Amino acid sequence: WFLVTREHVIACRTDKAMAEFRKLYDQGALEVLVLTDKDIIAGGLDDYVIVSHRWITPEHPDWDDKEPGNQSAKLKKLQEYLKANPDVKGIWMDFPCLPQGEKDDKEKAYFGASLASVNLLYLCANVVIFLDQKYMGRFWTQYEAFLAFHKVTSDGIVEKTDEEIRERVTIIEMGAAAYSGGSVAKSLIDTWHHKTVAEAVAILSQPDVEVTNKSDKILLLGKLPGLEEYVKARVAEIEQEAREAEEAAAREREEQQRQAQLAREKEQLAADQA
């Protein structure tokens with residue numbers, strides 16, 4: 001995974017559009033993390049935040065030449081967030097962390113592999129949601145919100161507690177939503193917090209949940225029930241590995257105690273013979 005470092009985000013100029021993946025890669029602004037799905041489930045991204053948002057224009061998520069209010073609005077909020085949370089090492093956001101536009105074969109492979117596992121980022125990591133009125137009607141953003149309000153357990157995908165949402169999900173209301181007194185954020189939570197996977201599929205299938213590429217909707221909704229079974233299996237493996245590691249450590253302690261006892265007995269025997 002490529003993530004934008006906190007230092008780069010904070011230092012970014014806000015009077016021009018955020019740079020795309022390739023430019024950031026060339027600038028050395030991206031940190032590389034090699035993580036398996038089990039690493040992510042086990043908390044491998046706990047020091048980072050994942051950004052859920054809608055794109056302002058088809059070309060850029062945070063810049064509109066014709067609307068000053070949509071020029072680096074999210075970047076400014078991210079800078080504030082990172083300054084207020086010094087332990088966060090960086091962010092993952094689609095535009096700066098994935099190659100955009102035409103891609104070569106290597107970029108296509110990375111892009112495809114990332115999309116295959118991106119569900120786990122929203123499900124297992126800390127999430128910042130940039131919530132405006134239009135966020136509520138988009139498929140990808142609603143899908144991400146459902147995942148952000150849930151977690152992975154041995155029982156599958158289950159809802160986070162209220163405390164876990166407060167600790168792991170930050171909702172930043174933008175645009176007109178910022179004047180709602182928190183009601184838009186409450187509506188988002190109420191829509192998704194207590195929903196099961198099956199209920200989420202039914203809601204996201206509604207025709208008023210818009211998506212640019214309809215095949216994305218069909219593909220993702222078809223995979224969501226399978227994702228639940230997949231994560232249950234990975235959690236079972238993690239728990240089994242933890243039990244085996246604990247048992248191995250216990251055996252090691254027992255062996256150390258046995259060796260120490262033998263050493264004491266040997267010393268006592270030598271003393272008695274003397």
# chains A, B, ... in the order shown; residues from 1 in each chain; ligands from 1

call {"tool": "residues_around", "arguments": {"residues": "segment 235-252 of chain A", "least_positions_apart": "3", "cutoff": "6 Å", "atoms": "only C-alpha atoms", "output": "PyMOL selection string"}}
result
chain A and resi 154+232+255

call {"tool": "closest_atom_pairs", "arguments": {"of": "segment 99-118 of chain A", "to": "segment 2-26 of chain A", "cutoff": "12 Å", "atoms": "only C-alpha atoms", "output": "Markdown table"}}
result
| residue | atom | partner | partner_atom | distance |
| --- | --- | --- | --- | --- |
| A:Pro99 | CA | A:Phe21 | CA | 5.4 |
| A:Gln100 | CA | A:Phe21 | CA | 7.3 |
| A:Gly101 | CA | A:Glu20 | CA | 10.1 |
| A:Glu102 | CA | A:Arg22 | CA | 11.6 |
| A:Lys103 | CA | A:Arg22 | CA | 10.6 |
| A:Asp104 | CA | A:Arg22 | CA | 11.9 |
| A:Glu107 | CA | A:Arg22 | CA | 10.0 |
| A:Tyr110 | CA | A:Phe2 | CA | 10.2 |
| A:Phe111 | CA | A:Phe2 | CA | 11.0 |
| A:Ser114 | CA | A:Phe2 | CA | 9.8 |

call {"tool": "select_by_dssp", "arguments": {"residues": "segment 75-273 of chain A", "states": "helix (DSSP H, G or I)", "output": "JSON, numbers by chain"}}
result
{"A": [75, 76, 77, 78, 79, 80, 81, 82, 83, 84, 94, 95, 96, 97, 105, 106, 107, 108, 109, 110, 111, 112, 113, 114, 115, 116, 117, 118, 119, 120, 121, 122, 123, 124, 133, 134, 135, 136, 137, 139, 140, 141, 142, 143, 144, 145, 146, 147, 148, 162, 163, 164, 165, 166, 167, 168, 175, 176, 177, 178, 179, 183, 184, 185, 186, 187, 188, 189, 190, 191, 192, 197, 198, 199, 200, 201, 202, 203, 204, 214, 215, 216, 217, 218, 219, 220, 221, 222, 223, 224, 225, 226, 227, 228, 229, 230, 231, 232, 233, 234, 235, 236, 237, 238, 239, 240, 241, 242, 243, 244, 245, 246, 247, 248, 249, 250, 251, 252, 253, 254, 255, 256, 257, 258, 259, 260, 261, 262, 263, 264, 265, 266, 267, 268, 269, 270, 271, 272, 273]}

call {"tool": "closest_atom_pairs", "arguments": {"of": "segment 130-181 of chain A", "to": "segment 28-49 of chain A", "cutoff": "12 Å", "atoms": "only C-alpha atoms", "output": "tab-separated table"}}
result
residue	atom	partner	partner_atom	distance
A:Ala148	CA	A:Val49	CA	11.3
A:Lys151	CA	A:Ile41	CA	9.2
A:Val152	CA	A:Ile41	CA	7.3
A:Thr153	CA	A:Ile41	CA	9.3
A:Ser154	CA	A:Ile41	CA	11.4
A:Gly156	CA	A:Ile41	CA	11.9
A:Ile157	CA	A:Ile41	CA	11.6
A:Glu167	CA	A:Asp46	CA	11.5
A:Arg168	CA	A:Val49	CA	9.0
A:Val169	CA	A:Val49	CA	9.2
A:Thr170	CA	A:Val49	CA	9.6

call {"tool": "closest_residue", "arguments": {"among": "A:Thr57, A:Ile165, A:Ala109, A:Glu254", "to": "Cys124 of chain A", "atoms": "only C-alpha atoms"}}
result
A:Ile165

call {"tool": "closest_atom_pairs", "arguments": {"of": "segment 154-200 of chain A", "to": "segment 69-92 of chain A", "cutoff": "9 Å", "atoms": "only C-alpha atoms", "output": "Markdown table"}}
result
| residue | atom | partner | partner_atom | distance |
| --- | --- | --- | --- | --- |
| A:Ile172 | CA | A:Lys77 | CA | 8.1 |
| A:Met174 | CA | A:Ala73 | CA | 8.4 |
| A:Gly175 | CA | A:Gly69 | CA | 8.3 |

call {"tool": "select_by_dssp", "arguments": {"residues": "segment 65-149 of chain A", "states": "strand (DSSP E)", "output": "number ranges by chain"}}
result
A: 90-92, 126-131

call {"tool": "write_last_selection", "arguments": {"atoms": "N, CA, C and O atoms", "output": "PDB file, in the first residue's frame"}}
result
ATOM      1  N   GLY A  90       0.100   9.099   8.617  1.00  0.00           N
ATOM      2  CA  GLY A  90      -0.193   9.417   7.229  1.00  0.00           C
ATOM      3  C   GLY A  90      -1.618   9.056   6.883  1.00  0.00           C
ATOM      4  O   GLY A  90      -2.399   8.620   7.733  1.00  0.00           O
ATOM      5  N   ILE A  91      -1.960   9.256   5.599  1.00  0.00           N
ATOM      6  CA  ILE A  91      -3.329   9.009   5.155  1.00  0.00           C
ATOM      7  C   ILE A  91      -3.355   8.120   3.914  1.00  0.00           C
ATOM      8  O   ILE A  91      -2.377   8.062   3.160  1.00  0.00           O
ATOM      9  N   TRP A  92      -4.472   7.418   3.746  1.00  0.00           N
ATOM     10  CA  TRP A  92      -4.759   6.755   2.472  1.00  0.00           C
ATOM     11  C   TRP A  92      -6.007   7.399   1.894  1.00  0.00           C
ATOM     12  O   TRP A  92      -7.047   7.474   2.564  1.00  0.00           O
ATOM     13  N   ASN A 126      -8.768   3.268  11.053  1.00  0.00           N
ATOM     14  CA  ASN A 126      -9.420   4.513  11.436  1.00  0.00           C
ATOM     15  C   ASN A 126      -9.833   5.261  10.170  1.00  0.00           C
ATOM     16  O   ASN A 126      -9.078   5.293   9.189  1.00  0.00           O
ATOM     17  N   VAL A 127     -11.003   5.867  10.198  1.00  0.00           N
ATOM     18  CA  VAL A 127     -11.562   6.481   8.992  1.00  0.00           C
ATOM     19  C   VAL A 127     -11.950   7.926   9.257  1.00  0.00           C
ATOM     20  O   VAL A 127     -12.518   8.252  10.302  1.00  0.00           O
ATOM     21  N   VAL A 128     -11.625   8.786   8.298  1.00  0.00           N
ATOM     22  CA  VAL A 128     -12.122  10.159   8.278  1.00  0.00           C
ATOM     23  C   VAL A 128     -13.124  10.271   7.138  1.00  0.00           C
ATOM     24  O   VAL A 128     -12.804   9.956   5.990  1.00  0.00           O
ATOM     25  N   ILE A 129     -14.331  10.688   7.458  1.00  0.00           N
ATOM     26  CA  ILE A 129     -15.393  10.846   6.460  1.00  0.00           C
ATOM     27  C   ILE A 129     -15.619  12.329   6.199  1.00  0.00           C
ATOM     28  O   ILE A 129     -15.914  13.089   7.122  1.00  0.00           O
ATOM     29  N   PHE A 130     -15.464  12.745   4.944  1.00  0.00           N
ATOM     30  CA  PHE A 130     -15.821  14.100   4.538  1.00  0.00           C
ATOM     31  C   PHE A 130     -17.260  14.052   4.041  1.00  0.00           C
ATOM     32  O   PHE A 130     -17.537  13.576   2.945  1.00  0.00           O
ATOM     33  N   LEU A 131     -18.156  14.540   4.873  1.00  0.00           N
ATOM     34  CA  LEU A 131     -19.584  14.365   4.641  1.00  0.00           C
ATOM     35  C   LEU A 131     -20.233  15.670   4.164  1.00  0.00           C
ATOM     36  O   LEU A 131     -20.296  16.651   4.894  1.00  0.00           O
TER      37      LEU A 131
END

call {"tool": "atom_distance", "arguments": {"atom1": "atom CA of His150 of chain A", "atom2": "atom CA of Ile50 of chain A"}}
result
14.3 Å

call {"tool": "residues_around", "arguments": {"residues": "Ile203 of chain A", "least_positions_apart": "3", "cutoff": "12 Å", "atoms": "only C-alpha atoms", "output": "PyMOL selection string"}}
result
chain A and resi 137-139+142-143+146+191-192+195-200+206-210+217+221

call {"tool": "write_last_selection", "arguments": {"atoms": "C-alpha atoms", "output": "compact mmCIF listing (two decimals), in the first residue's frame"}}
result
# COMPACT_ATOMS: atom_id res chain seq x y z
CA GLY A 137 -26.60 9.60 -2.28
CA ARG A 138 -23.46 8.04 -3.73
CA PHE A 139 -22.85 4.30 -3.82
CA GLN A 142 -22.33 4.86 1.42
CA TYR A 143 -20.58 1.52 0.98
CA PHE A 146 -21.28 1.02 6.18
CA THR A 191 -28.61 4.69 8.21
CA TRP A 192 -25.69 2.29 8.54
CA LYS A 195 -27.43 -2.72 9.56
CA THR A 196 -26.36 -6.28 8.77
CA VAL A 197 -24.53 -7.20 5.60
CA ALA A 198 -27.77 -8.44 4.04
CA GLU A 199 -29.56 -5.19 4.94
CA ALA A 200 -26.69 -3.13 3.54
CA GLN A 206 -31.82 0.95 -4.34
CA PRO A 207 -31.94 2.92 -7.62
CA ASP A 208 -31.45 6.29 -5.90
CA VAL A 209 -28.01 5.21 -4.68
CA GLU A 210 -26.04 6.61 -7.60
CA LYS A 217 -22.33 -1.59 -7.89
CA LEU A 221 -22.74 -5.94 -3.80

call {"tool": "closest_residue", "arguments": {"among": "A:Leu219, A:Val184, A:Ala176, A:Ile189", "to": "Asp162 of chain A", "atoms": "only C-alpha atoms"}}
result
A:Ile189

call {"tool": "atom_distance", "arguments": {"atom1": "atom CA of Leu188 of chain A", "atom2": "atom CA of Asp132 of chain A"}}
result
10.5 Å

call {"tool": "closest_residue", "arguments": {"among": "A:Met136, A:Gln27, A:Asp155, A:Lys108", "to": "Glu229 of chain A", "atoms": "only C-alpha atoms"}}
result
A:Asp155

call {"tool": "atom_distance", "arguments": {"atom1": "atom CA of Thr141 of chain A", "atom2": "atom CA of His53 of chain A"}}
result
6.2 Å

call {"tool": "closest_residue", "arguments": {"among": "A:Trp1, A:Trp55, A:Tyr179, A:Trp140", "to": "Leu98 of chain A", "atoms": "only C-alpha atoms"}}
result
A:Trp1

call {"tool": "closest_residue", "arguments": {"among": "A:Thr161, A:Thr212, A:Gln133, A:Ser205", "to": "Ala178 of chain A", "atoms": "only C-alpha atoms"}}
result
A:Gln133
